[in-house]
Amino acid sequence: MDTPDTIAAEYLRRGTVVDIGSAVSRGWALVRDNMAVLIGATVLGWLITVGLAFVPVVGWAVGFVLLGGLDYMFLRRIRGEEVLIGDLFAGFNIALVNLVLVGLIKAVLTGLGLLLCILPGIYLGVGYVFALPLVIDKKMDFWPAMEVSRQVVHQHWWSVFLLVIVVGLIALAGCIVCFVGMLISVPVASAALMFVYEDLFGTRTPAASDAVTPAP
């Protein structure tokens, strides 16, 4: 069985360059052409997550699973597959336990890193950014997914760090516009992240990811 080191090395051999501008422009195109399903799923996911936020443990666990399902929806649409709003809940059937474990352990390790010296927490928070989609997309267990994400991102850390800042600012811009802009900005931010995931971990070449067909 391949180790996380071996798996990460295979992805790194691709020599992928993280192109933030391309990721954002492709993310906008994806959301523009699939507004109903992607915006609908994003709003539903966040409403459920916020609604359960005050339920200890259970609320957080559901949020992690929904976020994984949302990532998977974006990935499938990037790959030209048809998706429905109900696919938001796919994580409950595909990788419930591992999605919950990734979310909880990532939160604990990142929190400890922030408490100890801030910088380790920032490093881990960025490094684990693709752990959830690796679990649901590649069917990895929680720890291999976290390690593969960290090791691959380590080689592109500054680019991914800037990407996280950019998508965060995009989402924040939506908040400023009376929160209405979030209906567009948050899905675009998610799409941009998933395009970079697809460039780093997907089976298609980065150039091919421009060829996204709109959902019917």
# chains A, B, ... in the order shown; residues from 1 in each chain; ligands from 1

call {"tool": "select_by_dssp", "arguments": {"residues": "region 20-214 of chain A", "states": "alpha helix (DSSP H)", "output": "PyMOL selection string"}}
result
chain A and resi 20-33+35-51+58-78+91-94+96-117+119-127+131-138+142-154+157-176+182-201

call {"tool": "residues_around", "arguments": {"residues": "region 131-143 of chain A", "least_positions_apart": "6", "cutoff": "8 Å", "atoms": "only C-alpha atoms", "output": "JSON, numbers by chain"}}
result
{"A": [67, 68, 69, 71, 72, 91, 94, 95, 98, 99, 101, 102, 103, 149]}

call {"tool": "write_last_selection", "arguments": {"atoms": "C-alpha atoms", "output": "CSV table (one decimal), in the first residue's frame"}}
result
chain,number,residue,atom,x,y,z
A,67,LEU,CA,-18.2,21.2,3.3
A,68,GLY,CA,-16.7,18.0,1.9
A,69,GLY,CA,-19.8,17.3,-0.1
A,71,ASP,CA,-16.1,20.6,-2.5
A,72,TYR,CA,-17.0,17.3,-4.3
A,91,GLY,CA,-20.3,13.0,2.1
A,94,ILE,CA,-19.1,8.3,0.9
A,95,ALA,CA,-16.8,9.3,3.7
A,98,ASN,CA,-13.0,10.4,7.7
A,99,LEU,CA,-14.5,13.8,6.8
A,101,LEU,CA,-12.0,13.2,11.7
A,102,VAL,CA,-10.2,15.5,9.1
A,103,GLY,CA,-12.2,18.4,10.2
A,149,SER,CA,-2.3,17.7,1.3

call {"tool": "residues_around", "arguments": {"residues": "Leu112 (chain A)", "least_positions_apart": "6", "cutoff": "9 Å", "atoms": "only C-alpha atoms", "output": "PyMOL selection string"}}
result
chain A and resi 118+120-121

call {"tool": "atom_distance", "arguments": {"atom1": "CA of Ala107 (chain A)", "atom2": "CA of Gly202 (chain A)"}}
result
25.3 Å

call {"tool": "atom_distance", "arguments": {"atom1": "CA of Val164 (chain A)", "atom2": "CA of Phe92 (chain A)"}}
result
26.3 Å

call {"tool": "atom_distance", "arguments": {"atom1": "CA of Asp5 (chain A)", "atom2": "CA of His154 (chain A)"}}
result
12.3 Å

call {"tool": "residues_around", "arguments": {"residues": "region 184-196 of chain A", "least_positions_apart": "5", "cutoff": "6 Å", "atoms": "only C-alpha atoms", "output": "ChimeraX atom specification"}}
result
/A:23-24,27-28,167,170-171,174

call {"tool": "closest_residue", "arguments": {"among": "A:Ile78, A:Leu12, A:Leu172, A:Leu47", "to": "Asp33 (chain A)", "atoms": "only C-alpha atoms"}}
result
A:Ile78

call {"tool": "closest_residue", "arguments": {"among": "A:Leu52, A:Leu70, A:Ile7, A:Leu114", "to": "Gly86 (chain A)", "atoms": "only C-alpha atoms"}}
result
A:Leu70

call {"tool": "closest_residue", "arguments": {"among": "A:Ile105, A:Val126, A:Cys117, A:Met182", "to": "Val43 (chain A)", "atoms": "only C-alpha atoms"}}
result
A:Met182

call {"tool": "closest_residue", "arguments": {"among": "A:Leu109, A:Val152, A:Leu66, A:Met73", "to": "Phe89 (chain A)", "atoms": "only C-alpha atoms"}}
result
A:Leu66

call {"tool": "closest_residue", "arguments": {"among": "A:Ala8, A:Ala36, A:Val18, A:Val97", "to": "Phe64 (chain A)", "atoms": "only C-alpha atoms"}}
result
A:Val97
